[in-house]
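See structure below.
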Amino acid sequence: MTRLFGWTLLAAAVVAASGAPLLAPHASDDQFRGLLNAAPTFPHLVDDSGHWHRPFIYPWTLVSQLEQRYEQDRSTRVGLVWFTRGRLVGSADDSRAPLMLLGADSYGRDVFSRLLFGARISLALSIVAALGSMLAGVLIGGLAGYIGGGVDDLLMRASDFVLVLPAMYVALALRSVLPLVLASGTVFGLLAAIFAVVGAPFISRGVRAIVRAEKQLDYAVAVASLGAGHARLLARHLLPAARGFIVVEITMLVPAFIVAEATLSYVGLGFPDPVASWGTMLHDASNVRAFADFPWLLSPAAAMFLVVLGLNLVMEQSGVAPVMGAPVAEGAGRLQSE
Amino acid sequence: MISYIARRLAFAVILVFTVSSASLVLARLAPGDYVTTSLGIDARRETVERARARYRLDRSIGEQYRDWIVGAARLDFGRSLVYDRPVTDLIPERAANTAVLALTALAAATLIGLPLGIITGSRRGGVAAWAIRAASLVLLSMPPLLTSLFLVFAAARTGWLPVGGMSAAGAASEGATFDLLRHLVVPAAALALPLAAMFERLQAQAMSEVVGQPFVLATLARGVPRARVVWRDALKAALRPVAAVYGLVVGTLLSGSFAVEVITAWPGLGRLMLDALRARDVYLVAGCAAAGSMFLAAGTLMSDAALALVDPRTSE
């Protein structure tokens with residue numbers, strides 16, 4: 001049951017990210033200058049006199065420019081139109097009364113649309129980075145475990161070292177070596193590479209242990225004596241044994257990377273402004289007044305929570321340790337015992 | 001045992017040395033330096049060169065690194081370019097703030113997480129165990145970045161607690177400690193809650209494994225009360241996983257406290273390092289890294305000691 005809930009959350013995130021251009025009522029950089037920090041517009045079915053209508057919204061009218069307070073104009077109903085302009089749903093009068101399900105940010109942009117487009121960047125980045133960690137980790141761990149000796153010592157010492165460092169500071173230091181302002185494509189590649197470096201040791205430690213253990217087993221000896229080369233033995237027979245471990249590790253790295261992107265963007269070292277990612281959206285909300293008065297600006301934080309929760313629920317029910325620290329603990333155990 | 005301690009100490013020294021050296025070199029390799037970021041791009045060439053010479057940034061990386069190492073050996077970590085004060089004046093206060101935050105969070109997480117983990121791990125079912133487990137799962141999905149955002153929001157909405165900083169302006173001196181404690185609640189809770197959840201899950205797992213072992217059944221069969229078996233005999237055998245994770249938790253705490261410090265405006269090491277990195281203040285960056293890595297080294301040493309206490313096999 002909880003597992004089903006977890007899968008539902010993940011599926012929703014994937015649908016939101018991949019369907020963003022269709023599902024989002026606006027583009028991620030559409031601005032409504034008259035509606036800075038406006039509250040969400042909820043679709044209604046019944047008007048004040050109790051009559052039923054097709055779904056409609058009330059437009060906002062500005063009450064106080066200074067406090068950015070708005071009031072609903074209950075006298076006019078603006079209907080919703082479906083499947084127009086290539087979008088699933090939108091307001092019939094988009095320029096005057098746009099549909100903003102999660103309100104507007106301080107630039108007057110639709111938070112809901114930005115949340116959907118942001119999901120693309122945040123999720124894609126963390127998945128690419130997790131796959132990068134996997135490639136690097138499997139390569140390092142596989143070689144260390146297979147060759148053994150000095151190579152093993154060197155690679156594992158290096159892995160231990162990165163593992164002990166606080167990941168956030170490593171990412172921060174590596175990021176700030178490069179120019180502070182970069183194009184968004186460059187930032188994507190850069191962050192993915194940095195995260196891959198930080199995440200690789202988590203995978204390499206385990207893969208190394210598994211390859212080392214499997215190499216001793218009868219089947220590996222048999223395959224080698226049948227004439228299989230080193231590369232074939234490693235890639236076809238030993239590494240597949242680590243598949244389960246790698247899947248678990250990736251599901252733990254993805255949420256960590258989502259949060260890392262958000263943290264870096266929050267402090268202004270992530271994506272540049274007009275780009276919508278969950279981190280840049282939080283950056284827009286980064287002052288105290290925004291927290292208290294415009295809570296919908298926190299919706300990227302809620303979205304992050306739901307995705308991470310989904311992953312944790314799915315993992316917990318498949319009988320795998322649901323503990324973020326579990327692989328760390330295992331690594332620590334190994335660290336200490338050497 | 002002695003060679004074990006020696007090896008761990010050597011690791012700690014190498015850690016501090018490598019991290020601070022690497023951060024100095026990285027900060028120096030970064031495009032632009034303090035002069036270009038502080039004077040802007042339309043400063044005149046002579047002004048820029050004069051400023052570079054004044055801050056001694058006109059040396060090569062090798063020279064600068066050598067001078068820094070020689071100075072660091074005498075505990076002189078250079079002058080901060082932004083604050084124009086010795087780095088050793090700036091760091092201790094900020095490091096102490098981070099330490100207060102991290103240690104409070106660690107203590108709170110241990111006091112909350114361990115007992116709850118023992119309870120959930122030693123019971124099969126029941127509403128209490130189920131509720132604790134659910135709460136842990138929710139909190140595990142909320143890293144310090146999210147907990148601090150939500151807690152700051154709650155504090156700002158209710159007005160019960162201060163939302164940021166370390167002290168209220170104009171607080172009376174006799175109420176200073178109380179004021180500090182009030183400001184500590186939000187950041188420390190933001191850092192402690194996910195950690196407590198992690199401890200709870202780890203401890204529950206270890207506990208449920210130990211409870212299934214024959215010696216527990218045997219002790220119960222001898223007529224020892226259940227509570228005593230769980231809290232004394234089984235607990236002793238189930239402490240290893242959490243003790244093992246303590247050393248790496250320091251890293252997690254530092255990573256987490258970075259996010260918390262930025263969001264709750266807690267004046268700690270993380271914010272100082274962020275500002276130093278942005279301003280290309282090379283010596284301050286290296287100083288912060290040195291201080292941070294000393295925390296790490298101290299943490300790993302303490303966890304080694306804790307682990308050796310819980311499980312003497314470790315040090316063999």
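Ligands are numbered from 1 in the order shown, residues from 1 within each chain, and chains are lettered A, B, ... in the order they appear in the structure tokens.
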Chain A contacts on chain B, only C-alpha atoms, 6 Å, as a PyMOL selection string: chain B and resi 30+141-142+153+156-157+244-245+251+255+314
Can you tell me which residues surround Phe83 (chain A) at a distance of at most 12 Å, considering only C-alpha atoms, apart from same-chain residues fewer than 3 positions away, and format the answer as an mmCIF file with C-alpha atoms, in the first residue's frame?
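Resulting contents of around_35.cif:
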data_model
loop_
_atom_site.group_PDB
_atom_site.id
_atom_site.type_symbol
_atom_site.label_atom_id
_atom_site.label_comp_id
_atom_site.auth_asym_id
_atom_site.auth_seq_id
_atom_site.Cartn_x
_atom_site.Cartn_y
_atom_site.Cartn_z
ATOM 1 C CA LEU A 22 1.464 20.415 -22.482
ATOM 2 C CA LEU A 23 0.424 20.548 -18.828
ATOM 3 C CA ALA A 24 1.808 23.959 -17.905
ATOM 4 C CA PRO A 25 -0.598 26.826 -18.633
ATOM 5 C CA LEU A 80 -11.277 27.941 -18.534
ATOM 6 C CA GLY A 86 -1.112 23.604 -27.429
ATOM 7 C CA ARG A 87 -1.878 23.531 -23.692
ATOM 8 C CA LEU A 88 -4.137 21.263 -21.699
ATOM 9 C CA VAL A 89 -5.941 24.060 -19.906
ATOM 10 C CA GLY A 90 -5.713 27.828 -19.656
ATOM 11 C CA SER A 91 -7.703 30.929 -18.897
ATOM 12 C CA ALA A 92 -10.024 32.324 -21.562
#
Contact residues around region 134-144 of chain A with only C-alpha atoms at 7 Å, ignoring same-chain residues under 5 positions, as a list of chain:residue names: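 My reading of the contact set: A:Val151, A:Asp152, A:Leu155, A:Ala200, A:Pro201, A:Ile203, A:Ser204, A:Arg205, A:Val207, A:Arg208, A:Val211.
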Export of the given selection (N, CA and C atoms) as a short mmCIF file (atom, residue, chain, number, x, y, z; two decimals), in the first residue's frame:
data_model
loop_
_atom_site.label_atom_id
_atom_site.label_comp_id
_atom_site.auth_asym_id
_atom_site.auth_seq_id
_atom_site.Cartn_x
_atom_site.Cartn_y
_atom_site.Cartn_z
N VAL A 151 47.04 -1.04 -7.04
CA VAL A 151 45.97 -0.28 -7.69
C VAL A 151 44.76 -0.18 -6.76
N ASP A 152 44.42 -1.33 -6.17
CA ASP A 152 43.29 -1.39 -5.25
C ASP A 152 43.50 -0.43 -4.09
N LEU A 155 43.22 3.32 -5.33
CA LEU A 155 41.87 3.74 -5.69
C LEU A 155 40.97 3.80 -4.46
N ALA A 200 30.56 9.02 -6.85
CA ALA A 200 31.22 7.79 -7.32
C ALA A 200 31.75 6.90 -6.19
N PRO A 201 32.39 7.47 -5.15
CA PRO A 201 32.96 6.58 -4.11
C PRO A 201 31.92 5.70 -3.43
N ILE A 203 29.54 4.18 -4.78
CA ILE A 203 29.34 3.00 -5.61
C ILE A 203 30.63 2.19 -5.71
N SER A 204 31.77 2.86 -5.84
CA SER A 204 33.00 2.11 -6.08
C SER A 204 33.35 1.21 -4.90
N ARG A 205 33.11 1.67 -3.67
CA ARG A 205 33.43 0.84 -2.50
C ARG A 205 32.69 -0.49 -2.55
N VAL A 207 31.06 -1.95 -5.15
CA VAL A 207 31.35 -2.75 -6.34
C VAL A 207 32.67 -3.48 -6.16
N ARG A 208 33.64 -2.78 -5.58
CA ARG A 208 34.95 -3.40 -5.35
C ARG A 208 34.82 -4.62 -4.44
N VAL A 211 33.06 -7.47 -6.43
CA VAL A 211 33.91 -8.08 -7.45
C VAL A 211 34.99 -8.95 -6.81
#
All alpha helix (DSSP H) residues (DSSP, backbone) inside region 180-317 of chain A, as a PyMOL selection string: chain A and resi 184-215+218-225+230-232+243-266+278-284+288-293+299-317
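Remark: for Ala39 (chain A), the closest of the candidate residues A:Arg109, A:Arg77, A:Arg3, A:Arg96 is A:Arg109 (distances computed over only C-alpha atoms).
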For Ala213 (chain A): contacts at 12 Å, only C-alpha atoms, fewer than 5 positions along chain excluded, given as a PyMOL selection string: chain A and resi 142+145-146+148+206-208+218-220+238-239+241-242
Go ahead and dump the residues you just picked, N, CA and C atoms, as a PDB file, in the first residue's frame.
ATOM      1  N   GLY A 142      35.343  -1.759 -10.053  1.00  0.00           N
ATOM      2  CA  GLY A 142      35.611  -2.982 -10.810  1.00  0.00           C
ATOM      3  C   GLY A 142      37.103  -3.218 -10.961  1.00  0.00           C
ATOM      4  N   GLY A 145      38.790  -3.949  -7.516  1.00  0.00           N
ATOM      5  CA  GLY A 145      38.476  -5.274  -7.012  1.00  0.00           C
ATOM      6  C   GLY A 145      39.107  -6.371  -7.853  1.00  0.00           C
ATOM      7  N   TYR A 146      39.200  -6.149  -9.155  1.00  0.00           N
ATOM      8  CA  TYR A 146      39.698  -7.197 -10.047  1.00  0.00           C
ATOM      9  C   TYR A 146      41.213  -7.278 -10.010  1.00  0.00           C
ATOM     10  N   GLY A 148      43.356  -5.675  -7.758  1.00  0.00           N
ATOM     11  CA  GLY A 148      43.866  -5.839  -6.389  1.00  0.00           C
ATOM     12  C   GLY A 148      45.229  -5.182  -6.232  1.00  0.00           C
ATOM     13  N   GLY A 206      31.389  -0.419  -2.784  1.00  0.00           N
ATOM     14  CA  GLY A 206      30.588  -1.638  -2.778  1.00  0.00           C
ATOM     15  C   GLY A 206      30.916  -2.542  -3.945  1.00  0.00           C
ATOM     16  N   VAL A 207      31.063  -1.952  -5.145  1.00  0.00           N
ATOM     17  CA  VAL A 207      31.351  -2.749  -6.337  1.00  0.00           C
ATOM     18  C   VAL A 207      32.674  -3.484  -6.158  1.00  0.00           C
ATOM     19  N   ARG A 208      33.644  -2.779  -5.581  1.00  0.00           N
ATOM     20  CA  ARG A 208      34.949  -3.397  -5.351  1.00  0.00           C
ATOM     21  C   ARG A 208      34.820  -4.623  -4.441  1.00  0.00           C
ATOM     22  N   ASP A 218      33.757 -20.386  -7.635  1.00  0.00           N
ATOM     23  CA  ASP A 218      34.059 -21.419  -8.624  1.00  0.00           C
ATOM     24  C   ASP A 218      33.681 -21.006 -10.038  1.00  0.00           C
ATOM     25  N   TYR A 219      32.519 -20.337 -10.174  1.00  0.00           N
ATOM     26  CA  TYR A 219      32.074 -20.045 -11.543  1.00  0.00           C
ATOM     27  C   TYR A 219      33.038 -19.099 -12.228  1.00  0.00           C
ATOM     28  N   ALA A 220      33.610 -18.149 -11.477  1.00  0.00           N
ATOM     29  CA  ALA A 220      34.542 -17.201 -12.070  1.00  0.00           C
ATOM     30  C   ALA A 220      35.811 -17.924 -12.502  1.00  0.00           C
ATOM     31  N   LEU A 238      31.347 -10.778 -13.571  1.00  0.00           N
ATOM     32  CA  LEU A 238      31.526 -10.292 -12.201  1.00  0.00           C
ATOM     33  C   LEU A 238      30.650  -9.075 -11.910  1.00  0.00           C
ATOM     34  N   LEU A 239      30.671  -8.068 -12.818  1.00  0.00           N
ATOM     35  CA  LEU A 239      29.916  -6.843 -12.542  1.00  0.00           C
ATOM     36  C   LEU A 239      28.414  -7.070 -12.412  1.00  0.00           C
ATOM     37  N   ALA A 241      26.893  -9.138 -10.889  1.00  0.00           N
ATOM     38  CA  ALA A 241      26.575  -9.522  -9.510  1.00  0.00           C
ATOM     39  C   ALA A 241      26.311  -8.290  -8.649  1.00  0.00           C
ATOM     40  N   ALA A 242      26.808  -7.146  -9.086  1.00  0.00           N
ATOM     41  CA  ALA A 242      26.665  -5.931  -8.285  1.00  0.00           C
ATOM     42  C   ALA A 242      25.415  -5.143  -8.661  1.00  0.00           C
TER      43      ALA A 242
END
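In this comparison, which uses only C-alpha atoms, the residue of B:Ala22, B:Leu184, B:Leu239, B:Ala308 approaching Ser293 (chain B) most closely is B:Ala22.
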Between CA of Gly223 (chain B) and CA of Gly125 (chain B), distance in Å (one decimal):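 For CA of Gly223 (chain B) relative to CA of Gly125 (chain B), the distance reads 23.0 Å.
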CA of Leu253 (chain A) to CA of Tyr246 (chain B), distance in Å rounded to a single decimal: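 Here the two named atoms are 20.2 Å from each other.
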Residue nearest Leu103 (chain B) among B:Thr158, B:Ser257, B:Ser136, B:Thr264 (counting only C-alpha atoms): B:Ser257
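One finds CA of Ser303 (chain B) at 24.8 Å from CA of Val211 (chain B).
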Contacts of Thr120 (chain B) within 8 Å, only C-alpha atoms, excl. fewer than 3 positions in-chain, as a PDB file with N, CA and C atoms, in the first residue's frame:
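Once written, out30.pdb looks like this:
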ATOM      1  N   LEU B 116      14.060   5.983  20.550  1.00  0.00           N
ATOM      2  CA  LEU B 116      12.937   5.631  19.678  1.00  0.00           C
ATOM      3  C   LEU B 116      13.274   4.405  18.846  1.00  0.00           C
ATOM      4  N   GLY B 117      14.522   4.336  18.368  1.00  0.00           N
ATOM      5  CA  GLY B 117      14.945   3.184  17.580  1.00  0.00           C
ATOM      6  C   GLY B 117      14.923   1.914  18.396  1.00  0.00           C
ATOM      7  N   ARG B 123      10.048  -4.082  19.211  1.00  0.00           N
ATOM      8  CA  ARG B 123       8.625  -4.461  19.196  1.00  0.00           C
ATOM      9  C   ARG B 123       8.220  -4.943  17.823  1.00  0.00           C
ATOM     10  N   ARG B 124       7.284  -5.893  17.790  1.00  0.00           N
ATOM     11  CA  ARG B 124       6.811  -6.403  16.514  1.00  0.00           C
ATOM     12  C   ARG B 124       5.855  -5.419  15.849  1.00  0.00           C
ATOM     13  N   ALA B 128       2.411   2.692  18.543  1.00  0.00           N
ATOM     14  CA  ALA B 128       3.536   3.582  18.811  1.00  0.00           C
ATOM     15  C   ALA B 128       4.671   3.328  17.829  1.00  0.00           C
ATOM     16  N   ALA B 129       5.038   2.047  17.663  1.00  0.00           N
ATOM     17  CA  ALA B 129       6.130   1.709  16.761  1.00  0.00           C
ATOM     18  C   ALA B 129       5.804   2.130  15.335  1.00  0.00           C
ATOM     19  N   TRP B 130       4.541   1.920  14.943  1.00  0.00           N
ATOM     20  CA  TRP B 130       4.130   2.282  13.585  1.00  0.00           C
ATOM     21  C   TRP B 130       4.243   3.796  13.377  1.00  0.00           C
ATOM     22  N   ILE B 132       6.092   5.988  15.025  1.00  0.00           N
ATOM     23  CA  ILE B 132       7.492   6.431  15.023  1.00  0.00           C
ATOM     24  C   ILE B 132       8.132   6.135  13.677  1.00  0.00           C
ATOM     25  N   ARG B 133       7.850   4.937  13.147  1.00  0.00           N
ATOM     26  CA  ARG B 133       8.438   4.565  11.865  1.00  0.00           C
ATOM     27  C   ARG B 133       7.964   5.493  10.753  1.00  0.00           C
ATOM     28  N   ALA B 204      16.872   0.861  15.011  1.00  0.00           N
ATOM     29  CA  ALA B 204      15.766  -0.093  14.958  1.00  0.00           C
ATOM     30  C   ALA B 204      16.195  -1.353  14.220  1.00  0.00           C
TER      31      ALA B 204
END
Near-Ile14 (chain B) list (12 Å; only C-alpha atoms; drop same-chain fewer than 5 positions) as a ChimeraX atom specification: /A:157,161 /B:7-9,19-22,290,293-294,296-297
Which residue of B:Ser23, B:Ser122, B:Ser38, B:Thr147 approaches Ile263 (chain B) most closely, using only C-alpha atoms: B:Thr147
I'd like the contact shell of Leu115 (chain A) - 10 Å cut-off, only C-alpha atoms, skipping same-chain residues fewer than 2 positions apart - returned as a PDB file with C-alpha atoms, in the first residue's frame.
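After the write, around_7.pdb holds the following:
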ATOM      1  CA  ALA A  16       4.874  16.380 -14.658  1.00  0.00           C
ATOM      2  CA  ALA A  17       8.422  16.652 -15.964  1.00  0.00           C
ATOM      3  CA  ALA A  20       5.480  20.073 -18.854  1.00  0.00           C
ATOM      4  CA  ALA A  24       1.808  23.959 -17.905  1.00  0.00           C
ATOM      5  CA  SER A  28       8.475  29.194 -17.644  1.00  0.00           C
ATOM      6  CA  LEU A 102       0.139  27.955  -7.350  1.00  0.00           C
ATOM      7  CA  ASP A 110       3.302  31.347 -12.836  1.00  0.00           C
ATOM      8  CA  VAL A 111       4.747  29.157 -10.044  1.00  0.00           C
ATOM      9  CA  PHE A 112       2.849  26.042 -11.164  1.00  0.00           C
ATOM     10  CA  SER A 113       4.240  26.198 -14.702  1.00  0.00           C
ATOM     11  CA  PHE A 117       9.478  22.972 -16.108  1.00  0.00           C
ATOM     12  CA  GLY A 118      11.771  23.003 -13.075  1.00  0.00           C
ATOM     13  CA  ALA A 119      11.065  19.315 -12.515  1.00  0.00           C
ATOM     14  CA  ARG A 120      12.633  18.630 -15.905  1.00  0.00           C
ATOM     15  CA  SER A 122      16.122  19.136 -11.408  1.00  0.00           C
ATOM     16  CA  ALA A 276      13.413  27.383 -13.864  1.00  0.00           C
ATOM     17  CA  SER A 277      14.826  24.694 -11.597  1.00  0.00           C
ATOM     18  CA  TRP A 278      13.545  23.846  -8.132  1.00  0.00           C
ATOM     19  CA  MET A 281      12.713  28.935  -7.614  1.00  0.00           C
ATOM     20  CA  SER A 299       6.077  24.710  -3.423  1.00  0.00           C
ATOM     21  CA  PRO A 300       9.400  23.545  -4.957  1.00  0.00           C
ATOM     22  CA  ALA A 303       7.814  18.956  -4.572  1.00  0.00           C
TER      23      ALA A 303
END
Nearest to Arg94 (chain B), chosen from B:Glu261, B:Glu49, B:Asp304, B:Glu200, with only C-alpha atoms counted in the distances: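 Closest candidate: B:Glu261.
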